[in-house]
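Structure below is work.cif: mmCIF, C-alpha atoms.
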```cif
data_run
loop_
_atom_site.group_PDB
_atom_site.id
_atom_site.type_symbol
_atom_site.label_atom_id
_atom_site.label_comp_id
_atom_site.auth_asym_id
_atom_site.auth_seq_id
_atom_site.Cartn_x
_atom_site.Cartn_y
_atom_site.Cartn_z
ATOM 1 C CA MET A 1 16.758 -5.907 35.220
ATOM 2 C CA PRO A 2 13.298 -4.439 36.077
ATOM 3 C CA GLY A 3 14.595 -0.999 35.150
ATOM 4 C CA ARG A 4 15.745 -2.223 31.738
ATOM 5 C CA LEU A 5 12.373 -3.902 31.175
ATOM 6 C CA LEU A 6 10.488 -0.734 32.115
ATOM 7 C CA ARG A 7 12.672 1.361 29.817
ATOM 8 C CA GLY A 8 12.014 -1.085 26.993
ATOM 9 C CA LEU A 9 8.258 -0.943 27.566
ATOM 10 C CA TRP A 10 8.346 2.858 27.718
ATOM 11 C CA GLN A 11 10.248 3.102 24.433
ATOM 12 C CA ARG A 12 7.818 0.707 22.808
ATOM 13 C CA TRP A 13 4.852 2.751 24.073
ATOM 14 C CA ARG A 14 6.364 5.992 22.738
ATOM 15 C CA ARG A 15 6.418 4.406 19.271
ATOM 16 C CA TYR A 16 3.047 2.703 19.618
ATOM 17 C CA LYS A 17 1.062 5.702 20.903
ATOM 18 C CA TYR A 18 1.166 7.407 17.486
ATOM 19 C CA ARG A 19 -1.009 4.546 16.202
ATOM 20 C CA PHE A 20 -3.081 3.851 19.359
ATOM 21 C CA VAL A 21 -6.567 5.210 18.618
ATOM 22 C CA PRO A 22 -7.631 5.781 22.289
ATOM 23 C CA TRP A 23 -4.466 7.822 22.911
ATOM 24 C CA ILE A 24 -5.098 9.842 19.757
ATOM 25 C CA ALA A 25 -8.727 10.432 20.792
ATOM 26 C CA LEU A 26 -7.725 11.642 24.264
ATOM 27 C CA ASN A 27 -5.285 14.110 22.722
ATOM 28 C CA LEU A 28 -7.598 15.538 20.070
ATOM 29 C CA ASN A 29 -8.223 18.780 21.942
ATOM 30 C CA ARG A 30 -4.501 19.404 22.123
ATOM 31 C CA ASN A 31 -4.003 18.436 18.490
ATOM 32 C CA PRO A 32 -6.879 19.973 16.494
ATOM 33 C CA ARG A 33 -4.935 19.806 13.242
ATOM 34 C CA THR A 34 -4.913 15.997 13.440
ATOM 35 C CA LEU A 35 -8.654 15.857 12.759
ATOM 36 C CA ARG A 36 -10.115 15.363 9.313
ATOM 37 C CA TYR A 37 -13.789 16.078 8.648
ATOM 38 C CA VAL A 38 -15.883 14.667 5.823
ATOM 39 C CA PRO A 39 -19.590 15.510 5.287
ATOM 40 C CA GLU A 40 -20.600 11.870 4.715
ATOM 41 C CA GLU A 41 -19.070 8.542 3.789
ATOM 42 C CA SER A 42 -20.009 8.772 0.121
ATOM 43 C CA LYS A 43 -18.153 12.093 -0.252
ATOM 44 C CA ASP A 44 -14.837 10.982 1.196
ATOM 45 C CA LYS A 45 -13.078 11.165 -2.172
ATOM 46 C CA VAL A 46 -10.223 13.525 -2.948
ATOM 47 C CA ILE A 47 -9.835 12.176 -6.473
ATOM 48 C CA SER A 48 -12.163 10.024 -8.568
ATOM 49 C CA ASP A 49 -12.073 6.229 -8.614
ATOM 50 C CA GLU A 50 -11.301 6.484 -12.332
ATOM 51 C CA ASP A 51 -8.136 8.458 -11.547
ATOM 52 C CA VAL A 52 -7.113 5.920 -8.896
ATOM 53 C CA LEU A 53 -7.679 3.030 -11.293
ATOM 54 C CA GLY A 54 -5.772 4.796 -14.056
ATOM 55 C CA THR A 55 -2.750 5.350 -11.818
ATOM 56 C CA LEU A 56 -2.681 1.776 -10.539
ATOM 57 C CA LEU A 57 -2.980 0.342 -14.044
ATOM 58 C CA LYS A 58 -0.217 2.624 -15.282
ATOM 59 C CA VAL A 59 2.185 1.589 -12.506
ATOM 60 C CA PHE A 60 1.259 -2.103 -12.574
ATOM 61 C CA GLN A 61 1.608 -2.326 -16.357
ATOM 62 C CA ALA A 62 5.067 -0.782 -16.102
ATOM 63 C CA LEU A 63 5.999 -3.311 -13.406
ATOM 64 C CA PHE A 64 4.635 -6.144 -15.562
ATOM 65 C CA ILE A 65 6.712 -5.047 -18.557
ATOM 66 C CA ASN A 66 9.756 -4.712 -16.328
ATOM 67 C CA ASP A 67 9.162 -8.300 -15.110
ATOM 68 C CA PHE A 68 8.427 -9.559 -18.623
ATOM 69 C CA ASN A 69 11.128 -12.218 -18.463
ATOM 70 C CA LYS A 70 9.270 -13.792 -15.493
ATOM 71 C CA GLN A 71 5.787 -13.666 -17.005
ATOM 72 C CA SER A 72 5.992 -16.490 -19.584
ATOM 73 C CA ASP A 73 3.536 -18.782 -17.734
ATOM 74 C CA ILE A 74 1.015 -15.978 -17.425
ATOM 75 C CA LEU A 75 1.406 -14.804 -21.030
ATOM 76 C CA THR A 76 0.543 -18.239 -22.384
ATOM 77 C CA MET A 77 -2.828 -18.033 -20.601
ATOM 78 C CA LEU A 78 -3.780 -14.573 -21.873
ATOM 79 C CA PRO A 79 -5.847 -13.835 -25.003
ATOM 80 C CA GLU A 80 -3.880 -12.857 -28.092
ATOM 81 C CA THR A 81 -5.220 -9.299 -27.969
ATOM 82 C CA VAL A 82 -3.861 -8.828 -24.441
ATOM 83 C CA LYS A 83 -0.488 -10.393 -25.317
ATOM 84 C CA SER A 84 -0.235 -8.107 -28.333
ATOM 85 C CA LYS A 85 -0.831 -5.098 -26.109
ATOM 86 C CA TYR A 86 2.093 -5.995 -23.856
ATOM 87 C CA HIS A 87 4.319 -6.788 -26.831
ATOM 88 C CA ASP A 88 3.529 -3.345 -28.199
ATOM 89 C CA LEU A 89 4.325 -1.713 -24.849
ATOM 90 C CA LEU A 90 7.562 -3.671 -24.657
ATOM 91 C CA SER A 91 8.592 -2.579 -28.152
ATOM 92 C CA VAL A 92 8.037 1.058 -27.165
ATOM 93 C CA GLN A 93 10.130 0.798 -23.981
ATOM 94 C CA HIS A 94 12.806 -1.523 -25.433
ATOM 95 C CA PRO A 95 12.750 -1.073 -29.224
ATOM 96 C CA ARG A 96 15.931 -3.085 -29.817
ATOM 97 C CA VAL A 97 14.743 -6.172 -27.943
ATOM 98 C CA LYS A 98 12.294 -8.673 -29.431
ATOM 99 C CA PRO A 99 9.666 -10.077 -27.002
ATOM 100 C CA LEU A 100 10.943 -13.650 -27.318
ATOM 101 C CA GLU A 101 14.469 -12.488 -26.541
ATOM 102 C CA TYR A 102 13.540 -10.258 -23.622
ATOM 103 C CA ARG A 103 13.858 -13.025 -21.052
ATOM 104 C CA HIS A 104 17.601 -13.099 -21.769
ATOM 105 C CA GLU A 105 18.041 -9.344 -21.450
ATOM 106 C CA GLN A 106 18.396 -9.095 -17.671
ATOM 107 C CA GLN A 107 20.231 -5.765 -17.935
ATOM 108 C CA ASN A 108 17.015 -4.082 -19.111
ATOM 109 C CA THR A 109 15.190 -4.578 -15.800
ATOM 110 C CA PHE A 110 14.950 -1.867 -13.167
ATOM 111 C CA LYS A 111 14.242 -1.815 -9.456
ATOM 112 C CA PRO A 112 10.563 -1.221 -8.551
ATOM 113 C CA GLU A 113 11.276 2.226 -7.082
ATOM 114 C CA GLU A 114 12.949 3.202 -10.367
ATOM 115 C CA ILE A 115 9.873 2.039 -12.280
ATOM 116 C CA LEU A 116 7.703 4.188 -9.998
ATOM 117 C CA TYR A 117 9.897 7.215 -10.666
ATOM 118 C CA LYS A 118 9.899 6.629 -14.431
ATOM 119 C CA THR A 119 6.118 6.169 -14.424
ATOM 120 C CA LEU A 120 4.819 8.805 -11.977
ATOM 121 C CA GLY A 121 7.812 11.109 -11.553
ATOM 122 C CA PHE A 122 8.517 10.297 -7.908
ATOM 123 C CA SER A 123 9.479 7.423 -5.639
ATOM 124 C CA VAL A 124 8.717 6.698 -1.980
ATOM 125 C CA ALA A 125 10.319 4.431 0.602
ATOM 126 C CA GLN A 126 10.249 3.688 4.297
ATOM 127 C CA ALA A 127 12.968 5.018 6.591
ATOM 128 C CA THR A 128 13.408 6.162 10.191
ATOM 129 C CA SER A 129 10.728 8.747 10.952
ATOM 130 C CA SER A 130 11.604 12.352 11.727
ATOM 131 C CA LEU A 131 9.245 12.076 14.732
ATOM 132 C CA ILE A 132 11.058 11.246 17.954
ATOM 133 C CA SER A 133 10.644 7.563 18.851
ATOM 134 C CA ALA A 134 7.995 7.020 16.153
ATOM 135 C CA GLY A 135 9.909 4.208 14.471
ATOM 136 C CA LYS A 136 9.510 3.909 10.715
ATOM 137 C CA GLY A 137 8.016 6.506 8.409
ATOM 138 C CA VAL A 138 7.586 7.022 4.667
ATOM 139 C CA PHE A 139 9.538 9.613 2.675
ATOM 140 C CA VAL A 140 9.577 10.944 -0.867
ATOM 141 C CA THR A 141 13.017 9.759 -1.928
ATOM 142 C CA ARG A 142 13.066 11.197 -5.430
ATOM 143 C CA GLY A 143 11.134 13.640 -7.586
ATOM 144 C CA LEU A 144 8.019 15.677 -6.773
ATOM 145 C CA VAL A 145 4.607 14.311 -5.778
ATOM 146 C CA PRO A 146 1.952 16.584 -7.312
ATOM 147 C CA LYS A 147 -1.245 17.422 -5.462
ATOM 148 C CA GLY A 148 -3.901 14.764 -6.077
ATOM 149 C CA ALA A 149 -1.438 11.996 -6.926
ATOM 150 C CA VAL A 150 -1.733 8.457 -5.573
ATOM 151 C CA VAL A 151 1.390 8.306 -3.444
ATOM 152 C CA SER A 152 1.097 4.887 -1.758
ATOM 153 C CA MET A 153 -1.195 1.989 -0.851
ATOM 154 C CA TYR A 154 -2.132 0.447 2.509
ATOM 155 C CA PRO A 155 -1.357 -3.288 2.244
ATOM 156 C CA GLY A 156 -2.861 -6.112 4.273
ATOM 157 C CA THR A 157 -5.625 -8.653 4.796
ATOM 158 C CA VAL A 158 -9.142 -7.252 4.362
ATOM 159 C CA TYR A 159 -11.699 -8.240 7.003
ATOM 160 C CA GLN A 160 -15.426 -7.601 6.937
ATOM 161 C CA LYS A 161 -16.706 -6.159 10.221
ATOM 162 C CA TYR A 162 -18.279 -9.492 11.229
ATOM 163 C CA GLU A 163 -15.101 -11.564 10.666
ATOM 164 C CA PRO A 164 -12.734 -12.659 13.489
ATOM 165 C CA ILE A 165 -9.701 -10.462 13.991
ATOM 166 C CA PHE A 166 -9.238 -10.485 17.775
ATOM 167 C CA PHE A 167 -5.971 -12.418 17.971
ATOM 168 C CA GLN A 168 -4.511 -10.522 15.021
ATOM 169 C CA SER A 169 -5.412 -7.208 16.697
ATOM 170 C CA VAL A 170 -3.649 -7.799 20.031
ATOM 171 C CA GLY A 171 -0.754 -5.341 20.239
ATOM 172 C CA ASN A 172 -1.194 -4.559 16.537
ATOM 173 C CA PRO A 173 -0.883 -0.859 15.608
ATOM 174 C CA PHE A 174 -1.397 -1.464 11.884
ATOM 175 C CA ILE A 175 -5.130 -2.168 11.679
ATOM 176 C CA PHE A 176 -6.903 0.380 9.485
ATOM 177 C CA ARG A 177 -10.654 0.876 9.886
ATOM 178 C CA CYS A 178 -12.596 1.947 6.797
ATOM 179 C CA LEU A 179 -15.635 4.198 7.091
ATOM 180 C CA ASP A 180 -18.023 1.255 6.675
ATOM 181 C CA GLY A 181 -16.312 -0.869 9.330
ATOM 182 C CA VAL A 182 -14.148 -2.961 6.986
ATOM 183 C CA LEU A 183 -10.702 -3.560 8.532
ATOM 184 C CA ILE A 184 -7.317 -3.903 6.847
ATOM 185 C CA ASP A 185 -4.523 -5.552 8.836
ATOM 186 C CA GLY A 186 -1.252 -4.076 7.576
ATOM 187 C CA ASN A 187 1.026 -5.824 10.065
ATOM 188 C CA ASP A 188 3.905 -7.663 8.382
ATOM 189 C CA LYS A 189 4.783 -9.812 11.405
ATOM 190 C CA GLY A 190 3.378 -12.584 13.580
ATOM 191 C CA ILE A 191 -0.068 -14.083 13.025
ATOM 192 C CA SER A 192 -1.002 -11.269 10.624
ATOM 193 C CA LYS A 193 1.818 -12.306 8.303
ATOM 194 C CA VAL A 194 0.818 -15.975 8.514
ATOM 195 C CA VAL A 195 -2.832 -15.196 7.712
ATOM 196 C CA TYR A 196 -1.948 -13.058 4.695
ATOM 197 C CA ARG A 197 0.413 -15.665 3.250
ATOM 198 C CA SER A 198 -2.218 -18.359 3.771
ATOM 199 C CA CYS A 199 -4.895 -16.360 1.940
ATOM 200 C CA ASN A 200 -2.423 -15.486 -0.803
ATOM 201 C CA GLY A 201 -1.694 -19.152 -1.474
ATOM 202 C CA ARG A 202 -5.372 -20.098 -1.207
ATOM 203 C CA ASP A 203 -6.526 -17.676 -3.903
ATOM 204 C CA ARG A 204 -3.891 -18.450 -6.512
ATOM 205 C CA LEU A 205 -5.441 -19.454 -9.845
ATOM 206 C CA GLY A 206 -2.934 -21.531 -11.780
ATOM 207 C CA PRO A 207 -0.067 -19.181 -12.751
ATOM 208 C CA PHE A 208 -2.123 -16.138 -11.739
ATOM 209 C CA LYS A 209 -1.492 -14.617 -8.308
ATOM 210 C CA MET A 210 -4.473 -12.710 -6.938
ATOM 211 C CA SER A 211 -2.351 -10.516 -4.674
ATOM 212 C CA ASP A 212 1.186 -9.436 -3.849
ATOM 213 C CA SER A 213 2.883 -10.829 -0.749
ATOM 214 C CA THR A 214 6.310 -9.268 -1.295
ATOM 215 C CA TRP A 215 5.421 -6.303 0.967
ATOM 216 C CA LEU A 216 5.953 -8.810 3.802
ATOM 217 C CA THR A 217 9.599 -9.063 2.770
ATOM 218 C CA SER A 218 12.502 -6.719 2.151
ATOM 219 C CA GLU A 219 12.169 -7.240 -1.632
ATOM 220 C CA ILE A 220 8.969 -5.320 -2.429
ATOM 221 C CA CYS A 221 7.598 -5.744 -5.970
ATOM 222 C CA ASN A 222 4.975 -2.998 -5.663
ATOM 223 C CA PRO A 223 6.825 0.167 -4.554
ATOM 224 C CA LEU A 224 3.548 1.825 -3.512
ATOM 225 C CA ALA A 225 2.860 -0.777 -0.789
ATOM 226 C CA VAL A 226 4.347 1.172 2.135
ATOM 227 C CA GLY A 227 1.282 3.110 3.318
ATOM 228 C CA GLN A 228 1.047 1.293 6.648
ATOM 229 C CA TYR A 229 4.195 3.102 7.802
ATOM 230 C CA VAL A 230 2.852 6.628 7.219
ATOM 231 C CA ASN A 231 2.693 8.345 10.628
ATOM 232 C CA ASN A 232 -0.065 10.489 12.101
ATOM 233 C CA CYS A 233 0.170 14.250 11.689
ATOM 234 C CA SER A 234 0.404 16.706 14.574
ATOM 235 C CA ASN A 235 0.003 20.425 15.223
ATOM 236 C CA ASP A 236 3.608 20.862 14.088
ATOM 237 C CA ARG A 237 3.447 18.417 11.171
ATOM 238 C CA ALA A 238 0.297 18.972 9.128
ATOM 239 C CA ALA A 239 -1.058 16.128 7.010
ATOM 240 C CA ASN A 240 0.198 16.129 3.427
ATOM 241 C CA VAL A 241 -1.630 12.921 2.408
ATOM 242 C CA CYS A 242 -5.004 11.412 3.235
ATOM 243 C CA TYR A 243 -6.559 7.969 2.993
ATOM 244 C CA GLN A 244 -9.102 7.136 0.324
ATOM 245 C CA GLU A 245 -10.980 3.871 -0.045
ATOM 246 C CA PHE A 246 -11.072 2.151 -3.409
ATOM 247 C CA ASP A 247 -12.939 -1.002 -4.456
ATOM 248 C CA VAL A 248 -11.138 -2.942 -7.176
ATOM 249 C CA PRO A 249 -13.524 -3.275 -10.146
ATOM 250 C CA ALA A 250 -14.382 -6.629 -11.717
ATOM 251 C CA VAL A 251 -12.710 -5.548 -14.965
ATOM 252 C CA PHE A 252 -9.293 -5.226 -13.291
ATOM 253 C CA PRO A 253 -6.806 -7.182 -15.466
ATOM 254 C CA ILE A 254 -6.147 -10.596 -13.957
ATOM 255 C CA GLU A 255 -2.465 -10.512 -14.923
ATOM 256 C CA LEU A 256 -1.958 -7.315 -12.877
ATOM 257 C CA LYS A 257 -3.576 -8.571 -9.664
ATOM 258 C CA GLN A 258 -0.168 -9.951 -8.681
ATOM 259 C CA TYR A 259 0.727 -6.378 -7.659
ATOM 260 C CA LEU A 260 -2.329 -5.708 -5.450
ATOM 261 C CA PRO A 261 -1.054 -5.676 -1.838
ATOM 262 C CA ASN A 262 -4.452 -6.655 -0.388
ATOM 263 C CA ILE A 263 -6.414 -9.879 -0.130
ATOM 264 C CA ALA A 264 -9.808 -10.786 1.337
ATOM 265 C CA TYR A 265 -9.892 -12.927 4.476
ATOM 266 C CA SER A 266 -13.016 -14.745 3.248
ATOM 267 C CA CYS A 267 -12.557 -16.983 0.231
ATOM 268 C CA ASP A 268 -16.262 -16.888 -0.674
ATOM 269 C CA LYS A 269 -16.667 -13.120 -0.551
ATOM 270 C CA GLN A 270 -18.359 -11.840 -3.709
ATOM 271 C CA SER A 271 -18.024 -8.101 -3.114
ATOM 272 C CA PRO A 272 -15.108 -6.149 -4.670
ATOM 273 C CA LEU A 273 -11.725 -6.217 -2.978
ATOM 274 C CA ARG A 274 -11.267 -3.167 -0.753
ATOM 275 C CA CYS A 275 -8.038 -1.226 -1.092
ATOM 276 C CA VAL A 276 -6.946 1.982 0.609
ATOM 277 C CA ILE A 277 -4.693 4.421 -1.180
ATOM 278 C CA LEU A 278 -3.052 7.608 0.061
ATOM 279 C CA VAL A 279 -3.538 10.786 -1.951
ATOM 280 C CA ALA A 280 -1.324 13.878 -1.835
ATOM 281 C CA LEU A 281 -3.125 16.918 -0.372
ATOM 282 C CA ARG A 282 -0.465 19.269 -1.756
ATOM 283 C CA ASP A 283 2.752 19.126 -3.729
ATOM 284 C CA ILE A 284 5.281 17.091 -1.723
ATOM 285 C CA LYS A 285 8.962 17.641 -2.362
ATOM 286 C CA GLN A 286 11.840 15.209 -2.334
ATOM 287 C CA GLY A 287 13.019 14.465 1.218
ATOM 288 C CA GLU A 288 9.679 15.229 2.887
ATOM 289 C CA GLU A 289 8.043 12.681 5.180
ATOM 290 C CA LEU A 290 4.430 11.713 4.586
ATOM 291 C CA PHE A 291 1.885 12.443 7.328
ATOM 292 C CA SER A 292 -1.777 11.491 7.337
ATOM 293 C CA ASN A 293 -4.873 11.964 9.498
ATOM 294 C CA TYR A 294 -5.560 8.855 11.558
ATOM 295 C CA TYR A 295 -8.768 10.304 12.989
ATOM 296 C CA THR A 296 -11.575 11.080 10.549
ATOM 297 C CA ILE A 297 -14.927 12.490 11.726
ATOM 298 C CA VAL A 298 -17.959 11.859 9.527
ATOM 299 C CA SER A 299 -20.553 14.565 10.081
#
```

Please lay out the structure from this file as structure tokens.
Amino acid sequence: MPGRLLRGLWQRWRRYKYRFVPWIALNLNRNPRTLRYVPEESKDKVISDEDVLGTLLKVFQALFINDFNKQSDILTMLPETVKSKYHDLLSVQHPRVKPLEYRHEQQNTFKPEEILYKTLGFSVAQATSSLISAGKGVFVTRGLVPKGAVVSMYPGTVYQKYEPIFFQSVGNPFIFRCLDGVLIDGNDKGISKVVYRSCNGRDRLGPFKMSDSTWLTSEICNPLAVGQYVNNCSNDRAANVCYQEFDVPAVFPIELKQYLPNIAYSCDKQSPLRCVILVALRDIKQGEELFSNYYTIVS
């Protein structure tokens, strides 16, 4: 019995160490390629915020159109100009179907990963990592990811550096620290899951959802929300993606916030919602696993 317990703990540690910052720090000298240097916080941008926003809007609008038969409550609350825009987009994608009849045309809907492929030319999904004992990883399952493309998002509850996160952090390998100390808890289990669901229900505004909670389930609505499973690079597996912070602007369409996989822990926080996206550092082919740099040094 003790031997089985020890073996179980050892296997768990072998998976956990790839996300355990102290272990990564102690092994930096042996893994120089795992380091990422940026000159200063303000210059840690691979692509512009405008490009990030454009990609997210493009994907989210396609998801919204694909879910059009479920959006009737939201559509009634939108201005006529906005409704007309979506009707026009729908007529382009499904010219034979009238907007009022679309709710009955279930055969015209696609899976989220198919929408991602149709929109950006690639799809990603989590699967068993190619790293020994590393658990889950993220792979390009279809198409080609071009250099500079937004390839995924890091979901989770967003905490300011002064907010309590101790109990959520115990044994949690999915806490991402932004350059300014903001933390994102991307764990989809335990107390982290409960906190996210609670905040998600708290911030709902009538029919409008302020965030997406489906990344906590097996039925993900936003196919980009798998970034928490991207593993750390090594000397043998160079990073092909990197993290980039993105603050959601105030002009972000309210009807598309249902696809944002992040939510603020504080309900009275006035600053923009922090998101973290992963950007391709090179062209990434179908079948390749994504690897990032967990350890960033700001000069």

d(CA of Ile115 in chain A, CA of Tyr154 in chain A) in Å =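 Answer for the CA of Ile115 in chain A to CA of Tyr154 in chain A separation: 19.1 Å.
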
query = Neighbours of Leu63 in chain A within 9 Å (only C-alpha atoms; same-chain residues fewer than 4 positions away dropped), as number ranges by chain?
reply = A: 58-59, 67-68, 112, 115-116, 221-222, 256, 259

query = When distances are computed from all atoms listed in the file, which of A:Thr157, A:Asn231, A:Ser266, A:Ser72 shows the smallest separation from Ala127 in chain A?
reply =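 Result for the nearest residue to Ala127 in chain A: A:Asn231.
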
What does the PyMOL selection byres ((chain A and resi 273) around 8) select in this file, as a CSV table (one decimal) with C-alpha atoms, in the frame of the given file?
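That gives us expr-v5.csv:
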```
chain,number,residue,atom,x,y,z
A,158,VAL,CA,-9.1,-7.3,4.4
A,247,ASP,CA,-12.9,-1.0,-4.5
A,248,VAL,CA,-11.1,-2.9,-7.2
A,249,PRO,CA,-13.5,-3.3,-10.1
A,262,ASN,CA,-4.5,-6.7,-0.4
A,263,ILE,CA,-6.4,-9.9,-0.1
A,264,ALA,CA,-9.8,-10.8,1.3
A,271,SER,CA,-18.0,-8.1,-3.1
A,272,PRO,CA,-15.1,-6.1,-4.7
A,274,ARG,CA,-11.3,-3.2,-0.8
A,275,CYS,CA,-8.0,-1.2,-1.1
```

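Candidate residues A:Gln286, A:Pro173, A:Ser211, A:Asp185 were compared for distance to Cys199 in chain A, and the nearest is A:Ser211, using all atoms listed in the file.
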
request  = Rank A:Ser84, A:Asn200, A:Thr109, A:Asn187 by their smallest atom-to-atom distance to Asn172 in chain A, using all atoms listed in the file, and report the top residue only.
outcome  = A:Asn187

request  = Quote the spacing between CA of Leu183 in chain A and CA of Asp268 in chain A in Å to one decimal place.
outcome  =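 Separation between CA of Leu183 in chain A and CA of Asp268 in chain A: 17.1 Å.
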
Run the PyMOL selection byres ((chain A and resi 176) around 12) against the file shown and list the residues it catches, as a PDB file with C-alpha atoms, in the frame of the given file.
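So the final result, stored in selection-v9.pdb, reads:
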```
ATOM      1  CA  ARG A  19      -1.009   4.546  16.202  1.00  0.00           C
ATOM      2  CA  PHE A  20      -3.081   3.851  19.359  1.00  0.00           C
ATOM      3  CA  VAL A  21      -6.567   5.210  18.618  1.00  0.00           C
ATOM      4  CA  MET A 153      -1.195   1.989  -0.851  1.00  0.00           C
ATOM      5  CA  TYR A 154      -2.132   0.447   2.509  1.00  0.00           C
ATOM      6  CA  PRO A 155      -1.357  -3.288   2.244  1.00  0.00           C
ATOM      7  CA  GLY A 156      -2.861  -6.112   4.273  1.00  0.00           C
ATOM      8  CA  THR A 157      -5.625  -8.653   4.796  1.00  0.00           C
ATOM      9  CA  VAL A 158      -9.142  -7.252   4.362  1.00  0.00           C
ATOM     10  CA  TYR A 159     -11.699  -8.240   7.003  1.00  0.00           C
ATOM     11  CA  GLN A 160     -15.426  -7.601   6.937  1.00  0.00           C
ATOM     12  CA  LYS A 161     -16.706  -6.159  10.221  1.00  0.00           C
ATOM     13  CA  SER A 169      -5.412  -7.208  16.697  1.00  0.00           C
ATOM     14  CA  ASN A 172      -1.194  -4.559  16.537  1.00  0.00           C
ATOM     15  CA  PRO A 173      -0.883  -0.859  15.608  1.00  0.00           C
ATOM     16  CA  PHE A 174      -1.397  -1.464  11.884  1.00  0.00           C
ATOM     17  CA  ILE A 175      -5.130  -2.168  11.679  1.00  0.00           C
ATOM     18  CA  ARG A 177     -10.654   0.876   9.886  1.00  0.00           C
ATOM     19  CA  CYS A 178     -12.596   1.947   6.797  1.00  0.00           C
ATOM     20  CA  LEU A 179     -15.635   4.198   7.091  1.00  0.00           C
ATOM     21  CA  ASP A 180     -18.023   1.255   6.675  1.00  0.00           C
ATOM     22  CA  GLY A 181     -16.312  -0.869   9.330  1.00  0.00           C
ATOM     23  CA  VAL A 182     -14.148  -2.961   6.986  1.00  0.00           C
ATOM     24  CA  LEU A 183     -10.702  -3.560   8.532  1.00  0.00           C
ATOM     25  CA  ILE A 184      -7.317  -3.903   6.847  1.00  0.00           C
ATOM     26  CA  ASP A 185      -4.523  -5.552   8.836  1.00  0.00           C
ATOM     27  CA  GLY A 186      -1.252  -4.076   7.576  1.00  0.00           C
ATOM     28  CA  ASN A 187       1.026  -5.824  10.065  1.00  0.00           C
ATOM     29  CA  GLY A 227       1.282   3.110   3.318  1.00  0.00           C
ATOM     30  CA  GLN A 228       1.047   1.293   6.648  1.00  0.00           C
ATOM     31  CA  TYR A 229       4.195   3.102   7.802  1.00  0.00           C
ATOM     32  CA  VAL A 230       2.852   6.628   7.219  1.00  0.00           C
ATOM     33  CA  TYR A 243      -6.559   7.969   2.993  1.00  0.00           C
ATOM     34  CA  GLN A 244      -9.102   7.136   0.324  1.00  0.00           C
ATOM     35  CA  GLU A 245     -10.980   3.871  -0.045  1.00  0.00           C
ATOM     36  CA  ARG A 274     -11.267  -3.167  -0.753  1.00  0.00           C
ATOM     37  CA  CYS A 275      -8.038  -1.226  -1.092  1.00  0.00           C
ATOM     38  CA  VAL A 276      -6.946   1.982   0.609  1.00  0.00           C
ATOM     39  CA  ILE A 277      -4.693   4.421  -1.180  1.00  0.00           C
ATOM     40  CA  ASN A 293      -4.873  11.964   9.498  1.00  0.00           C
ATOM     41  CA  TYR A 294      -5.560   8.855  11.558  1.00  0.00           C
ATOM     42  CA  TYR A 295      -8.768  10.304  12.989  1.00  0.00           C
ATOM     43  CA  THR A 296     -11.575  11.080  10.549  1.00  0.00           C
TER      44      THR A 296
END
```

Written as a PDB file with C-alpha atoms, in the coordinates of the input, what is the full residue list that the PyMOL selection byres ((chain A and resi 241) around 9) yields on the file shown?
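See expr_23.pdb below for the written result:
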```
ATOM      1  CA  GLY A 148      -3.901  14.764  -6.077  1.00  0.00           C
ATOM      2  CA  VAL A 151       1.390   8.306  -3.444  1.00  0.00           C
ATOM      3  CA  ALA A 239      -1.058  16.128   7.010  1.00  0.00           C
ATOM      4  CA  ASN A 240       0.198  16.129   3.427  1.00  0.00           C
ATOM      5  CA  CYS A 242      -5.004  11.412   3.235  1.00  0.00           C
ATOM      6  CA  TYR A 243      -6.559   7.969   2.993  1.00  0.00           C
ATOM      7  CA  LEU A 278      -3.052   7.608   0.061  1.00  0.00           C
ATOM      8  CA  VAL A 279      -3.538  10.786  -1.951  1.00  0.00           C
ATOM      9  CA  ALA A 280      -1.324  13.878  -1.835  1.00  0.00           C
ATOM     10  CA  LEU A 281      -3.125  16.918  -0.372  1.00  0.00           C
ATOM     11  CA  ARG A 282      -0.465  19.269  -1.756  1.00  0.00           C
ATOM     12  CA  LEU A 290       4.430  11.713   4.586  1.00  0.00           C
ATOM     13  CA  PHE A 291       1.885  12.443   7.328  1.00  0.00           C
ATOM     14  CA  SER A 292      -1.777  11.491   7.337  1.00  0.00           C
ATOM     15  CA  ASN A 293      -4.873  11.964   9.498  1.00  0.00           C
TER      16      ASN A 293
END
```

task = Using only C-alpha atoms, find the one residue out of A:Val195, A:Val92, A:Ile65, A:Leu56 that sits nearest to Tyr265 in chain A.
result =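 Among A:Val195, A:Val92, A:Ile65, A:Leu56, it is A:Val195 that comes nearest to Tyr265 in chain A.
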
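For the pair CA of Thr128 in chain A and CA of Cys233 in chain A, the interatomic distance is 15.6 Å.
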
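Counting only C-alpha atoms and comparing A:Phe246, A:Phe139, A:Tyr196, A:Tyr86, the residue that lies closest to Val226 in chain A is A:Phe139.
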
message = When you look at Gly54 in chain A with a cut-off of 12 Å (counting only C-alpha atoms), what residues show up, excluding the ones that are within fewer than 5 positions of it in the same chain? I need them as JSON, numbers by chain.
response = {"A": [47, 48, 49, 59, 60, 61, 119, 120, 149, 150, 248, 249, 252]}
